[in-house]
file structure-v2.pdb (PDB, C-alpha atoms (C1' of nucleotides))
MODEL        1
ATOM      1  CA  MET A 141      -9.179   0.667  -3.360
ATOM      2  CA  PHE A 142     -11.454   1.645  -0.503
ATOM      3  CA  HIS A 143     -12.056   4.992  -2.209
ATOM      4  CA  ILE A 144     -13.322   3.152  -5.285
ATOM      5  CA  LEU A 145     -15.598   1.000  -3.130
ATOM      6  CA  LEU A 146     -16.899   4.173  -1.470
ATOM      7  CA  ALA A 147     -17.501   5.848  -4.815
ATOM      8  CA  LEU A 148     -19.573   2.907  -6.025
ATOM      9  CA  ALA A 149     -21.416   2.379  -2.724
ATOM     10  CA  ASP A 150     -24.349   4.681  -3.515
ATOM     11  CA  LYS A 151     -24.678   4.177  -7.254
ATOM     12  CA  GLU A 152     -23.037   2.756 -10.342
ATOM     13  CA  ARG A 153     -20.467   4.892 -12.051
ATOM     14  CA  HIS A 154     -18.046   4.790 -14.951
ATOM     15  CA  GLY A 155     -14.308   5.031 -14.406
ATOM     16  CA  TYR A 156     -13.827   8.723 -14.975
ATOM     17  CA  HIS A 157     -16.837   9.447 -12.789
ATOM     18  CA  ILE A 158     -15.186   7.489  -9.953
ATOM     19  CA  MET A 159     -12.071   9.636 -10.341
ATOM     20  CA  ARG A 160     -14.077  12.841  -9.973
ATOM     21  CA  GLU A 161     -16.198  11.541  -7.095
ATOM     22  CA  VAL A 162     -13.073  10.714  -5.101
ATOM     23  CA  GLU A 163     -11.513  14.073  -5.842
ATOM     24  CA  GLU A 164     -14.676  15.978  -4.909
ATOM     25  CA  ARG A 165     -15.399  13.972  -1.774
ATOM     26  CA  THR A 166     -11.877  14.491  -0.441
ATOM     27  CA  GLY A 167     -11.746  18.159  -1.382
ATOM     28  CA  GLY A 168      -8.946  17.478  -3.831
ATOM     29  CA  ASN A 169      -6.707  15.797  -1.277
ATOM     30  CA  VAL A 170      -6.974  12.409  -2.936
ATOM     31  CA  LYS A 171      -6.529  12.192  -6.671
ATOM     32  CA  LEU A 172      -6.649   8.855  -8.439
ATOM     33  CA  GLY A 173      -4.334   8.657 -11.407
ATOM     34  CA  PRO A 174      -5.368   6.471 -14.325
ATOM     35  CA  GLY A 175      -2.845   3.833 -13.277
ATOM     36  CA  THR A 176      -4.400   3.438  -9.851
ATOM     37  CA  LEU A 177      -7.937   3.659 -11.150
ATOM     38  CA  TYR A 178      -7.989   1.253 -14.057
ATOM     39  CA  GLY A 179      -5.466  -1.105 -12.500
ATOM     40  CA  SER A 180      -7.618  -1.310  -9.365
ATOM     41  CA  ILE A 181     -10.818  -1.772 -11.366
ATOM     42  CA  LYS A 182      -9.286  -4.681 -13.242
ATOM     43  CA  ARG A 183      -8.117  -6.351 -10.043
ATOM     44  CA  MET A 184     -11.379  -5.681  -8.214
ATOM     45  CA  ILE A 185     -13.382  -7.297 -11.003
ATOM     46  CA  GLY A 186     -11.089 -10.313 -10.768
ATOM     47  CA  ASP A 187     -11.647 -10.395  -7.012
ATOM     48  CA  GLY A 188     -15.422 -10.228  -7.455
ATOM     49  CA  LEU A 189     -15.768  -6.891  -5.646
ATOM     50  CA  ILE A 190     -17.293  -4.988  -8.557
ATOM     51  CA  GLU A 191     -18.852  -5.912 -11.892
ATOM     52  CA  GLU A 192     -19.349  -4.188 -15.207
ATOM     53  CA  LEU A 193     -22.891  -3.385 -16.279
ATOM     54  CA  GLU A 194     -24.311  -4.785 -19.492
ATOM     55  CA  GLU A 195     -27.027  -2.125 -19.751
ATOM     56  CA  ARG A 196     -26.295   1.246 -21.274
ATOM     57  CA  PRO A 197     -27.989   4.463 -20.167
ATOM     58  CA  ALA A 198     -30.297   6.375 -22.526
ATOM     59  CA  PRO A 199     -28.453   7.054 -25.805
ATOM     60  CA  ASP A 200     -28.894  10.835 -25.549
ATOM     61  CA  VAL A 201     -26.864  11.018 -22.334
ATOM     62  CA  ASP A 202     -24.489   8.151 -23.104
ATOM     63  CA  ASP A 203     -20.856   8.225 -24.154
ATOM     64  CA  GLU A 204     -19.836   5.096 -26.063
ATOM     65  CA  ARG A 205     -16.416   5.008 -24.462
ATOM     66  CA  ARG A 206     -17.730   4.717 -20.930
ATOM     67  CA  ARG A 207     -17.772   1.472 -19.012
ATOM     68  CA  TYR A 208     -20.070   1.373 -16.009
ATOM     69  CA  TYR A 209     -19.379  -0.514 -12.773
ATOM     70  CA  ARG A 210     -21.285  -1.347  -9.610
ATOM     71  CA  LEU A 211     -20.552  -3.105  -6.327
ATOM     72  CA  THR A 212     -21.336  -6.790  -6.040
ATOM     73  CA  ASP A 213     -22.909  -8.074  -2.813
ATOM     74  CA  PHE A 214     -19.497  -9.350  -1.862
ATOM     75  CA  GLY A 215     -17.957  -5.956  -2.604
ATOM     76  CA  TYR A 216     -20.538  -4.316  -0.399
ATOM     77  CA  ARG A 217     -19.739  -6.634   2.488
ATOM     78  CA  VAL A 218     -16.003  -6.056   2.029
ATOM     79  CA  ALA A 219     -16.573  -2.293   2.033
ATOM     80  CA  SER A 220     -18.630  -2.545   5.230
ATOM     81  CA  ALA A 221     -16.030  -4.702   6.950
ATOM     82  CA  GLU A 222     -13.275  -2.286   5.975
ATOM     83  CA  ALA A 223     -15.329   0.680   7.186
ATOM     84  CA  GLN A 224     -15.777  -1.025  10.554
ATOM     85  CA  ARG A 225     -12.064  -1.766  10.735
ATOM     86  CA  LEU A 226     -11.316   1.914  10.142
ATOM     87  CA  GLU A 227     -13.889   2.892  12.737
ATOM     88  CA  HIS A 228     -12.056   0.805  15.327
ATOM     89  CA  LEU A 229      -8.812   2.504  14.397
ATOM     90  CA  VAL A 230     -10.399   5.918  14.825
ATOM     91  CA  ARG A 231     -11.744   4.892  18.234
ATOM     92  CA  SER A 232      -8.301   3.762  19.295
ATOM     93  CA  ALA A 233      -6.857   7.028  18.085
ATOM     94  CA  ARG A 234      -9.457   8.910  20.155
ATOM     95  CA  ALA A 235      -8.632   6.830  23.210
ATOM     96  CA  LYS A 236      -4.971   7.756  22.747
ATOM     97  CA  LYS A 237      -5.927  11.431  22.414
ATOM     98  CA  LEU A 238      -4.785  11.776  18.848
ATOM     99  CA  LEU A 239      -8.112  13.360  17.899
ATOM    100  CA  PRO A 240      -9.718  16.544  19.224
ATOM    101  CA  ARG A 241     -13.281  17.024  20.452
ATOM    102  CA  THR A 242     -14.242  13.631  21.794
ATOM    103  CA  LYS A 243     -17.975  13.276  22.386
ATOM    104  CA  ALA A 244     -17.899   9.576  23.165
ATOM    105  CA  GLY A 245     -14.932   7.568  22.257
TER
ATOM    106  CA  MET B 818       2.754   1.694  10.456
ATOM    107  CA  PHE B 819      -0.202   3.528  11.937
ATOM    108  CA  HIS B 820      -0.580   0.714  14.476
ATOM    109  CA  ILE B 821       2.970   1.330  15.646
ATOM    110  CA  LEU B 822       2.296   5.053  15.949
ATOM    111  CA  LEU B 823      -0.847   4.245  17.959
ATOM    112  CA  ALA B 824       1.042   1.869  20.229
ATOM    113  CA  LEU B 825       3.617   4.543  21.023
ATOM    114  CA  ALA B 826       1.101   7.392  21.344
ATOM    115  CA  ASP B 827       0.480   6.995  25.084
ATOM    116  CA  LYS B 828       3.901   5.858  26.263
ATOM    117  CA  GLU B 829       7.280   4.588  25.178
ATOM    118  CA  ARG B 830       7.605   0.907  24.491
ATOM    119  CA  HIS B 831      10.131  -1.628  23.302
ATOM    120  CA  GLY B 832       9.596  -3.598  20.089
ATOM    121  CA  TYR B 833       8.076  -6.727  21.520
ATOM    122  CA  HIS B 834       5.816  -4.620  23.696
ATOM    123  CA  ILE B 835       4.507  -2.858  20.576
ATOM    124  CA  MET B 836       3.730  -6.265  19.060
ATOM    125  CA  ARG B 837       1.653  -7.288  22.050
ATOM    126  CA  GLU B 838      -0.100  -3.928  22.392
ATOM    127  CA  VAL B 839      -1.290  -4.122  18.785
ATOM    128  CA  GLU B 840      -2.474  -7.695  19.202
ATOM    129  CA  GLU B 841      -4.328  -6.898  22.429
ATOM    130  CA  ARG B 842      -5.873  -3.678  21.196
ATOM    131  CA  THR B 843      -7.235  -5.357  18.057
ATOM    132  CA  GLY B 844      -8.420  -8.456  19.883
ATOM    133  CA  GLY B 845      -5.967 -10.602  17.974
ATOM    134  CA  ASN B 846      -7.176  -9.456  14.541
ATOM    135  CA  VAL B 847      -3.946  -7.639  13.766
ATOM    136  CA  LYS B 848      -0.670  -9.391  14.430
ATOM    137  CA  LEU B 849       2.611  -7.724  13.563
ATOM    138  CA  GLY B 850       5.225 -10.203  12.407
ATOM    139  CA  PRO B 851       8.852  -9.406  13.189
ATOM    140  CA  GLY B 852       9.436  -8.452   9.568
ATOM    141  CA  THR B 853       6.780  -5.746   9.645
ATOM    142  CA  LEU B 854       7.696  -4.583  13.120
ATOM    143  CA  TYR B 855      11.446  -4.163  12.961
ATOM    144  CA  GLY B 856      11.459  -3.155   9.315
ATOM    145  CA  SER B 857       8.924  -0.423  10.088
ATOM    146  CA  ILE B 858      10.797   0.747  13.186
ATOM    147  CA  LYS B 859      13.968   1.131  11.168
ATOM    148  CA  ARG B 860      12.219   3.132   8.471
ATOM    149  CA  MET B 861      10.276   5.240  10.949
ATOM    150  CA  ILE B 862      13.447   6.221  12.776
ATOM    151  CA  GLY B 863      14.926   7.229   9.426
ATOM    152  CA  ASP B 864      11.813   9.295   8.719
ATOM    153  CA  GLY B 865      12.020  11.011  12.110
ATOM    154  CA  LEU B 866       8.689   9.642  13.334
ATOM    155  CA  ILE B 867      10.089   7.800  16.338
ATOM    156  CA  GLU B 868      13.351   7.796  18.250
ATOM    157  CA  GLU B 869      15.198   5.357  20.445
ATOM    158  CA  LEU B 870      15.618   6.211  24.112
ATOM    159  CA  GLU B 871      19.053   6.552  25.642
ATOM    160  CA  GLU B 872      17.798   6.024  29.184
ATOM    161  CA  ARG B 873      17.276   2.536  30.556
ATOM    162  CA  PRO B 874      14.573   1.690  33.089
ATOM    163  CA  ALA B 875      15.460   0.517  36.603
ATOM    164  CA  PRO B 876      17.871  -2.413  36.347
ATOM    165  CA  ASP B 877      15.621  -4.760  38.345
ATOM    166  CA  VAL B 878      12.829  -4.534  35.723
ATOM    167  CA  ASP B 879      15.070  -4.150  32.688
ATOM    168  CA  ASP B 880      15.952  -6.656  29.998
ATOM    169  CA  GLU B 881      19.259  -5.847  28.313
ATOM    170  CA  ARG B 882      18.000  -6.921  24.922
ATOM    171  CA  ARG B 883      15.192  -4.423  24.836
ATOM    172  CA  ARG B 884      15.347  -1.244  22.823
ATOM    173  CA  TYR B 885      12.839   1.436  23.792
ATOM    174  CA  TYR B 886      11.151   3.844  21.379
ATOM    175  CA  ARG B 887       8.921   6.897  21.638
ATOM    176  CA  LEU B 888       7.121   9.222  19.254
ATOM    177  CA  THR B 889       8.853  12.391  18.176
ATOM    178  CA  ASP B 890       6.810  15.609  17.958
ATOM    179  CA  PHE B 891       6.776  15.089  14.215
ATOM    180  CA  GLY B 892       5.576  11.508  14.665
ATOM    181  CA  TYR B 893       2.785  12.729  16.900
ATOM    182  CA  ARG B 894       1.646  15.232  14.301
ATOM    183  CA  VAL B 895       1.769  12.601  11.557
ATOM    184  CA  ALA B 896      -0.285  10.230  13.714
ATOM    185  CA  SER B 897      -2.858  12.957  14.352
ATOM    186  CA  ALA B 898      -3.093  13.841  10.688
ATOM    187  CA  GLU B 899      -3.525  10.210   9.760
ATOM    188  CA  ALA B 900      -6.201   9.758  12.422
ATOM    189  CA  GLN B 901      -8.111  12.710  10.999
ATOM    190  CA  ARG B 902      -7.781  11.294   7.499
ATOM    191  CA  LEU B 903      -9.272   8.011   8.697
ATOM    192  CA  GLU B 904     -12.035   9.870  10.485
ATOM    193  CA  HIS B 905     -13.038  11.532   7.225
ATOM    194  CA  LEU B 906     -13.120   8.136   5.543
ATOM    195  CA  VAL B 907     -15.359   6.748   8.265
ATOM    196  CA  ARG B 908     -17.694   9.734   7.905
ATOM    197  CA  SER B 909     -17.901   9.143   4.172
ATOM    198  CA  ALA B 910     -18.629   5.482   4.788
ATOM    199  CA  ARG B 911     -21.438   6.487   7.172
ATOM    200  CA  ALA B 912     -22.876   8.886   4.630
ATOM    201  CA  LYS B 913     -22.915   6.041   2.109
ATOM    202  CA  LYS B 914     -24.628   3.797   4.658
ATOM    203  CA  LEU B 915     -21.805   1.331   4.938
ATOM    204  CA  LEU B 916     -21.918   1.564   8.733
ATOM    205  CA  PRO B 917     -24.777   0.738  11.109
ATOM    206  CA  ARG B 918     -26.096   2.863  13.965
ATOM    207  CA  THR B 919     -25.483   6.393  12.806
ATOM    208  CA  LYS B 920     -25.870   8.954  15.577
ATOM    209  CA  ALA B 921     -24.631  11.917  13.595
ATOM    210  CA  GLY B 922     -22.575  11.544  10.589
TER
ATOM    211  C1'  DG C1221      -6.481  26.250 -38.894
ATOM    212  C1'  DC C1222      -4.058  25.434 -34.434
ATOM    213  C1'  DC C1223      -3.373  24.734 -29.700
ATOM    214  C1'  DT C1224      -4.980  23.657 -25.197
ATOM    215  C1'  DA C1225      -7.939  21.473 -22.055
ATOM    216  C1'  DC C1226     -11.257  18.073 -20.988
ATOM    217  C1'  DT C1227     -13.454  13.419 -21.283
ATOM    218  C1'  DA C1228     -12.445   8.534 -21.237
ATOM    219  C1'  DT C1229      -9.940   4.295 -21.173
ATOM    220  C1'  DA C1230      -5.682   1.426 -20.944
ATOM    221  C1'  DT C1231      -0.798  -0.402 -20.031
ATOM    222  C1'  DC C1232       3.835  -0.282 -18.043
ATOM    223  C1'  DG C1233       7.412  -0.265 -14.627
ATOM    224  C1'  DC C1234       9.033   1.475 -10.206
ATOM    225  C1'  DC C1235       8.680   1.841  -5.456
ATOM    226  C1'  DG C1236       7.081   1.351  -0.719
ATOM    227  C1'  DC C1237       5.010  -1.405   2.648
ATOM    228  C1'  DT C1238       3.651  -5.809   4.695
ATOM    229  C1'  DC C1239       4.317 -10.455   5.472
ATOM    230  C1'  DG C1240       6.114 -15.097   6.247
ATOM    231  C1'  DA C1241      10.267 -17.530   6.824
ATOM    232  C1'  DT C1242      14.444 -17.817   8.982
ATOM    233  C1'  DA C1243      18.054 -16.848  12.378
ATOM    234  C1'  DT C1244      19.958 -15.970  16.980
ATOM    235  C1'  DA C1245      19.820 -16.349  21.919
ATOM    236  C1'  DG C1246      18.539 -16.390  26.732
ATOM    237  C1'  DT C1247      14.780 -18.027  30.145
ATOM    238  C1'  DT C1248      11.127 -20.818  32.139
ATOM    239  C1'  DG C1249       8.468 -24.960  32.873
ATOM    240  C1'  DC C1250       7.452 -29.909  32.217
TER
ATOM    241  C1'  DG D 654      15.919 -32.576  26.760
ATOM    242  C1'  DC D 655      12.187 -30.118  24.585
ATOM    243  C1'  DA D 656       8.662 -26.752  23.866
ATOM    244  C1'  DA D 657       7.116 -22.184  24.575
ATOM    245  C1'  DC D 658       8.099 -17.508  25.484
ATOM    246  C1'  DT D 659      10.835 -13.106  25.268
ATOM    247  C1'  DA D 660      13.446 -10.178  22.218
ATOM    248  C1'  DT D 661      15.741  -8.548  18.191
ATOM    249  C1'  DA D 662      17.131  -8.753  13.243
ATOM    250  C1'  DT D 663      17.393  -9.726   8.055
ATOM    251  C1'  DC D 664      15.717 -11.428   3.606
ATOM    252  C1'  DG D 665      12.838 -12.117  -0.387
ATOM    253  C1'  DA D 666       8.182 -12.381  -2.297
ATOM    254  C1'  DG D 667       4.078 -10.122  -3.362
ATOM    255  C1'  DC D 668       0.534  -6.630  -3.491
ATOM    256  C1'  DG D 669      -1.103  -2.183  -4.247
ATOM    257  C1'  DG D 670      -0.451   2.699  -5.591
ATOM    258  C1'  DC D 671       1.573   6.033  -8.501
ATOM    259  C1'  DG D 672       3.541   8.623 -12.356
ATOM    260  C1'  DA D 673       4.421   8.392 -17.112
ATOM    261  C1'  DT D 674       2.814   7.372 -21.389
ATOM    262  C1'  DA D 675      -0.505   6.308 -25.075
ATOM    263  C1'  DT D 676      -4.817   6.771 -27.704
ATOM    264  C1'  DA D 677      -8.732   9.382 -29.258
ATOM    265  C1'  DG D 678     -12.704  12.243 -29.602
ATOM    266  C1'  DT D 679     -14.785  16.912 -28.312
ATOM    267  C1'  DA D 680     -14.978  21.885 -27.044
ATOM    268  C1'  DG D 681     -13.333  26.489 -26.811
ATOM    269  C1'  DG D 682     -10.170  30.362 -27.653
ATOM    270  C1'  DC D 683      -7.501  33.099 -30.886
TER
ENDMDL
END
call {"tool": "encode", "arguments": {"input": "structure-v2.pdb", "output": "structure tokens"}}
result
Amino acid sequence: MFHILLALADKERHGYHIMREVEERTGGNVKLGPGTLYGSIKRMIGDGLIEELEERPAPDVDDERRRYYRLTDFGYRVASAEAQRLEHLVRSARAKKLLPRTKAG
Amino acid sequence: MFHILLALADKERHGYHIMREVEERTGGNVKLGPGTLYGSIKRMIGDGLIEELEERPAPDVDDERRRYYRLTDFGYRVASAEAQRLEHLVRSARAKKLLPRTKAG
DNA sequence: GCCTACTATATCGCCGCTCGATATAGTTGC
DNA sequence: GCAACTATATCGAGCGGCGATATAGTAGGC
């Protein structure tokens, strides 16, 4: 779910584009299957985290099948809060010496 | 689960001690209920992440009921790997401007 | 012409983890 | 006598992720 929020944080994307963004960003370590992806999208729309766009891109670059999504303000705040939560976890891990090369932890 | 690994990363602890360590470390934001705690411990022993100590502490500071646990080498490696995974997520979140005060990210 | 791979969306059921509720039981303090 | 704390344990509900499966159009190789 957080991966989907991350993928939509910088710009709107359609489902398949989210899948590829996650795979690229993680160097292939995280792969979203269609079950995870479209199931999550459905739930996240219901939760008000993301919304589907009405507007279509220019017809010459469009694909009818695509459905575009973007973060809502609420989704953005949830993503930020989650990112901060993870940051705290990472700091704790540094303090417990679970991570190498501490600059300031 | 990661919270339990974190709690045991610096020293061995008994179950209730893990509960309090997590609550203190997170400033009360994360509270492990007994269901999560003892269910996780059971599973994590089965997975070889943690192990129960045979030795008891000095009788004058001991409580018979307590059961002490520590990380195995495998558990330590899993905790490190997970910490690195989270670190990558945090870096991505920084790159997408979901986190304030970027020094280098 | 046929097969494979890619783009794109969608549903289903299983499984693993977390959580709250509940139980037990001894100790301390009011 | 009662509430709060220490300490462990089990159970069932619920949520989220995942693999499998389905549909369907397009592109490329042979």
call {"tool": "atom_distance", "arguments": {"input": "structure-v2.pdb", "atom1": "CA of Arg231 (chain A)", "atom2": "CA of Ala910 (chain B)"}}
result
15.1 Å
call {"tool": "interface_residues", "arguments": {"input": "structure-v2.pdb", "of": "chain D", "to": "chain B", "cutoff": "9 Å", "atoms": "all atoms listed in the file", "output": "PyMOL selection string"}}
result
chain D and resi 659-663
call {"tool": "residues_around", "arguments": {"input": "structure-v2.pdb", "residues": "DG1249 (chain C)", "least_positions_apart": "5", "cutoff": "12 Å", "atoms": "all atoms listed in the file", "output": "VMD selection string"}}
result
chain D and resid 655 to 658
call {"tool": "write_last_selection", "arguments": {"input": "structure-v2.pdb", "atoms": "C-alpha atoms (C1' of nucleotides)", "output": "PDB file, in the frame of the given file"}}
result
ATOM      1  C1'  DC D 655      12.187 -30.118  24.585  1.00  0.00           C
ATOM      2  C1'  DA D 656       8.662 -26.752  23.866  1.00  0.00           C
ATOM      3  C1'  DA D 657       7.116 -22.184  24.575  1.00  0.00           C
ATOM      4  C1'  DC D 658       8.099 -17.508  25.484  1.00  0.00           C
TER       5       DC D 658
END
call {"tool": "calpha_fit_and_write", "arguments": {"input": "structure-v2.pdb", "fixed": "chain B", "moving": "chain A", "output": "PDB file with C-alpha atoms, in the coordinates of the input"}}
result
ATOM      1  CA  MET A 141       2.774   1.697  10.462  1.00  0.00           C
ATOM      2  CA  PHE A 142      -0.195   3.513  11.938  1.00  0.00           C
ATOM      3  CA  HIS A 143      -0.584   0.694  14.465  1.00  0.00           C
ATOM      4  CA  ILE A 144       2.976   1.313  15.644  1.00  0.00           C
ATOM      5  CA  LEU A 145       2.291   5.041  15.934  1.00  0.00           C
ATOM      6  CA  LEU A 146      -0.844   4.232  17.941  1.00  0.00           C
ATOM      7  CA  ALA A 147       1.050   1.870  20.220  1.00  0.00           C
ATOM      8  CA  LEU A 148       3.624   4.543  21.013  1.00  0.00           C
ATOM      9  CA  ALA A 149       1.105   7.395  21.317  1.00  0.00           C
ATOM     10  CA  ASP A 150       0.473   6.993  25.054  1.00  0.00           C
ATOM     11  CA  LYS A 151       3.883   5.856  26.247  1.00  0.00           C
ATOM     12  CA  GLU A 152       7.276   4.596  25.175  1.00  0.00           C
ATOM     13  CA  ARG A 153       7.599   0.919  24.495  1.00  0.00           C
ATOM     14  CA  HIS A 154      10.133  -1.618  23.301  1.00  0.00           C
ATOM     15  CA  GLY A 155       9.608  -3.571  20.101  1.00  0.00           C
ATOM     16  CA  TYR A 156       8.094  -6.713  21.524  1.00  0.00           C
ATOM     17  CA  HIS A 157       5.814  -4.619  23.710  1.00  0.00           C
ATOM     18  CA  ILE A 158       4.519  -2.851  20.579  1.00  0.00           C
ATOM     19  CA  MET A 159       3.735  -6.240  19.042  1.00  0.00           C
ATOM     20  CA  ARG A 160       1.656  -7.269  22.050  1.00  0.00           C
ATOM     21  CA  GLU A 161      -0.095  -3.907  22.371  1.00  0.00           C
ATOM     22  CA  VAL A 162      -1.270  -4.120  18.765  1.00  0.00           C
ATOM     23  CA  GLU A 163      -2.440  -7.686  19.185  1.00  0.00           C
ATOM     24  CA  GLU A 164      -4.309  -6.910  22.411  1.00  0.00           C
ATOM     25  CA  ARG A 165      -5.870  -3.688  21.162  1.00  0.00           C
ATOM     26  CA  THR A 166      -7.212  -5.370  18.028  1.00  0.00           C
ATOM     27  CA  GLY A 167      -8.405  -8.471  19.848  1.00  0.00           C
ATOM     28  CA  GLY A 168      -5.930 -10.600  17.939  1.00  0.00           C
ATOM     29  CA  ASN A 169      -7.129  -9.474  14.524  1.00  0.00           C
ATOM     30  CA  VAL A 170      -3.904  -7.662  13.738  1.00  0.00           C
ATOM     31  CA  LYS A 171      -0.640  -9.420  14.408  1.00  0.00           C
ATOM     32  CA  LEU A 172       2.652  -7.772  13.555  1.00  0.00           C
ATOM     33  CA  GLY A 173       5.293 -10.213  12.428  1.00  0.00           C
ATOM     34  CA  PRO A 174       8.911  -9.404  13.209  1.00  0.00           C
ATOM     35  CA  GLY A 175       9.502  -8.425   9.588  1.00  0.00           C
ATOM     36  CA  THR A 176       6.810  -5.768   9.671  1.00  0.00           C
ATOM     37  CA  LEU A 177       7.722  -4.590  13.139  1.00  0.00           C
ATOM     38  CA  TYR A 178      11.468  -4.151  12.993  1.00  0.00           C
ATOM     39  CA  GLY A 179      11.479  -3.144   9.341  1.00  0.00           C
ATOM     40  CA  SER A 180       8.919  -0.429  10.100  1.00  0.00           C
ATOM     41  CA  ILE A 181      10.796   0.738  13.193  1.00  0.00           C
ATOM     42  CA  LYS A 182      13.974   1.138  11.176  1.00  0.00           C
ATOM     43  CA  ARG A 183      12.210   3.124   8.469  1.00  0.00           C
ATOM     44  CA  MET A 184      10.254   5.233  10.951  1.00  0.00           C
ATOM     45  CA  ILE A 185      13.440   6.220  12.762  1.00  0.00           C
ATOM     46  CA  GLY A 186      14.915   7.229   9.413  1.00  0.00           C
ATOM     47  CA  ASP A 187      11.793   9.270   8.698  1.00  0.00           C
ATOM     48  CA  GLY A 188      12.010  10.999  12.080  1.00  0.00           C
ATOM     49  CA  LEU A 189       8.677   9.622  13.312  1.00  0.00           C
ATOM     50  CA  ILE A 190      10.067   7.792  16.335  1.00  0.00           C
ATOM     51  CA  GLU A 191      13.344   7.801  18.251  1.00  0.00           C
ATOM     52  CA  GLU A 192      15.188   5.361  20.453  1.00  0.00           C
ATOM     53  CA  LEU A 193      15.594   6.229  24.117  1.00  0.00           C
ATOM     54  CA  GLU A 194      19.028   6.557  25.665  1.00  0.00           C
ATOM     55  CA  GLU A 195      17.759   6.021  29.217  1.00  0.00           C
ATOM     56  CA  ARG A 196      17.226   2.544  30.577  1.00  0.00           C
ATOM     57  CA  PRO A 197      14.525   1.669  33.103  1.00  0.00           C
ATOM     58  CA  ALA A 198      15.433   0.504  36.620  1.00  0.00           C
ATOM     59  CA  PRO A 199      17.852  -2.446  36.376  1.00  0.00           C
ATOM     60  CA  ASP A 200      15.582  -4.782  38.362  1.00  0.00           C
ATOM     61  CA  VAL A 201      12.815  -4.574  35.756  1.00  0.00           C
ATOM     62  CA  ASP A 202      15.055  -4.166  32.711  1.00  0.00           C
ATOM     63  CA  ASP A 203      15.959  -6.657  30.013  1.00  0.00           C
ATOM     64  CA  GLU A 204      19.276  -5.838  28.337  1.00  0.00           C
ATOM     65  CA  ARG A 205      18.036  -6.912  24.935  1.00  0.00           C
ATOM     66  CA  ARG A 206      15.203  -4.413  24.830  1.00  0.00           C
ATOM     67  CA  ARG A 207      15.347  -1.223  22.826  1.00  0.00           C
ATOM     68  CA  TYR A 208      12.838   1.437  23.795  1.00  0.00           C
ATOM     69  CA  TYR A 209      11.152   3.853  21.380  1.00  0.00           C
ATOM     70  CA  ARG A 210       8.912   6.893  21.642  1.00  0.00           C
ATOM     71  CA  LEU A 211       7.117   9.216  19.236  1.00  0.00           C
ATOM     72  CA  THR A 212       8.859  12.391  18.157  1.00  0.00           C
ATOM     73  CA  ASP A 213       6.815  15.601  17.917  1.00  0.00           C
ATOM     74  CA  PHE A 214       6.765  15.085  14.188  1.00  0.00           C
ATOM     75  CA  GLY A 215       5.577  11.504  14.641  1.00  0.00           C
ATOM     76  CA  TYR A 216       2.791  12.722  16.870  1.00  0.00           C
ATOM     77  CA  ARG A 217       1.634  15.230  14.279  1.00  0.00           C
ATOM     78  CA  VAL A 218       1.770  12.589  11.538  1.00  0.00           C
ATOM     79  CA  ALA A 219      -0.281  10.223  13.701  1.00  0.00           C
ATOM     80  CA  SER A 220      -2.867  12.947  14.340  1.00  0.00           C
ATOM     81  CA  ALA A 221      -3.100  13.843  10.664  1.00  0.00           C
ATOM     82  CA  GLU A 222      -3.542  10.195   9.729  1.00  0.00           C
ATOM     83  CA  ALA A 223      -6.201   9.739  12.413  1.00  0.00           C
ATOM     84  CA  GLN A 224      -8.116  12.702  10.997  1.00  0.00           C
ATOM     85  CA  ARG A 225      -7.804  11.298   7.490  1.00  0.00           C
ATOM     86  CA  LEU A 226      -9.286   8.010   8.690  1.00  0.00           C
ATOM     87  CA  GLU A 227     -12.040   9.869  10.497  1.00  0.00           C
ATOM     88  CA  HIS A 228     -13.055  11.520   7.231  1.00  0.00           C
ATOM     89  CA  LEU A 229     -13.139   8.137   5.550  1.00  0.00           C
ATOM     90  CA  VAL A 230     -15.374   6.760   8.282  1.00  0.00           C
ATOM     91  CA  ARG A 231     -17.707   9.744   7.911  1.00  0.00           C
ATOM     92  CA  SER A 232     -17.928   9.157   4.188  1.00  0.00           C
ATOM     93  CA  ALA A 233     -18.655   5.509   4.807  1.00  0.00           C
ATOM     94  CA  ARG A 234     -21.459   6.506   7.202  1.00  0.00           C
ATOM     95  CA  ALA A 235     -22.886   8.905   4.643  1.00  0.00           C
ATOM     96  CA  LYS A 236     -22.936   6.056   2.123  1.00  0.00           C
ATOM     97  CA  LYS A 237     -24.663   3.810   4.674  1.00  0.00           C
ATOM     98  CA  LEU A 238     -21.833   1.350   4.959  1.00  0.00           C
ATOM     99  CA  LEU A 239     -21.950   1.601   8.754  1.00  0.00           C
ATOM    100  CA  PRO A 240     -24.815   0.799  11.124  1.00  0.00           C
ATOM    101  CA  ARG A 241     -26.168   2.938  13.958  1.00  0.00           C
ATOM    102  CA  THR A 242     -25.474   6.473  12.836  1.00  0.00           C
ATOM    103  CA  LYS A 243     -25.843   9.014  15.633  1.00  0.00           C
ATOM    104  CA  ALA A 244     -24.493  11.953  13.674  1.00  0.00           C
ATOM    105  CA  GLY A 245     -22.591  11.368  10.559  1.00  0.00           C
TER     106      GLY A 245
END
call {"tool": "interface_residues", "arguments": {"input": "structure-v2.pdb", "of": "chain C", "to": "chain A", "cutoff": "10 Å", "atoms": "all atoms listed in the file", "output": "NGL selection string"}}
result
:C and (1227-1232)
call {"tool": "interface_residues", "arguments": {"input": "structure-v2.pdb", "of": "chain B", "to": "chain A", "cutoff": "6 Å", "atoms": "only C-alpha atoms", "output": "MDAnalysis selection string"}}
result
chainID B and resid 827 897 913 915
call {"tool": "atom_distance", "arguments": {"input": "structure-v2.pdb", "atom1": "CA of Val201 (chain A)", "atom2": "C1' of DA677 (chain D)"}}
result
19.5 Å
call {"tool": "closest_residue", "arguments": {"input": "structure-v2.pdb", "among": "D:DG681, D:DG670, D:DG665, D:DG654", "to": "Leu177 (chain A)", "atoms": "only C-alpha atoms (C1' of nucleotides)"}}
result
D:DG670
call {"tool": "residues_around", "arguments": {"input": "structure-v2.pdb", "residues": "Leu870 (chain B)", "least_positions_apart": "6", "cutoff": "10 Å", "atoms": "only C-alpha atoms (C1' of nucleotides)", "output": "list in words"}}
result
Glu829, Arg830, His831, Arg884, Tyr885, Tyr886 and Arg887 of chain B
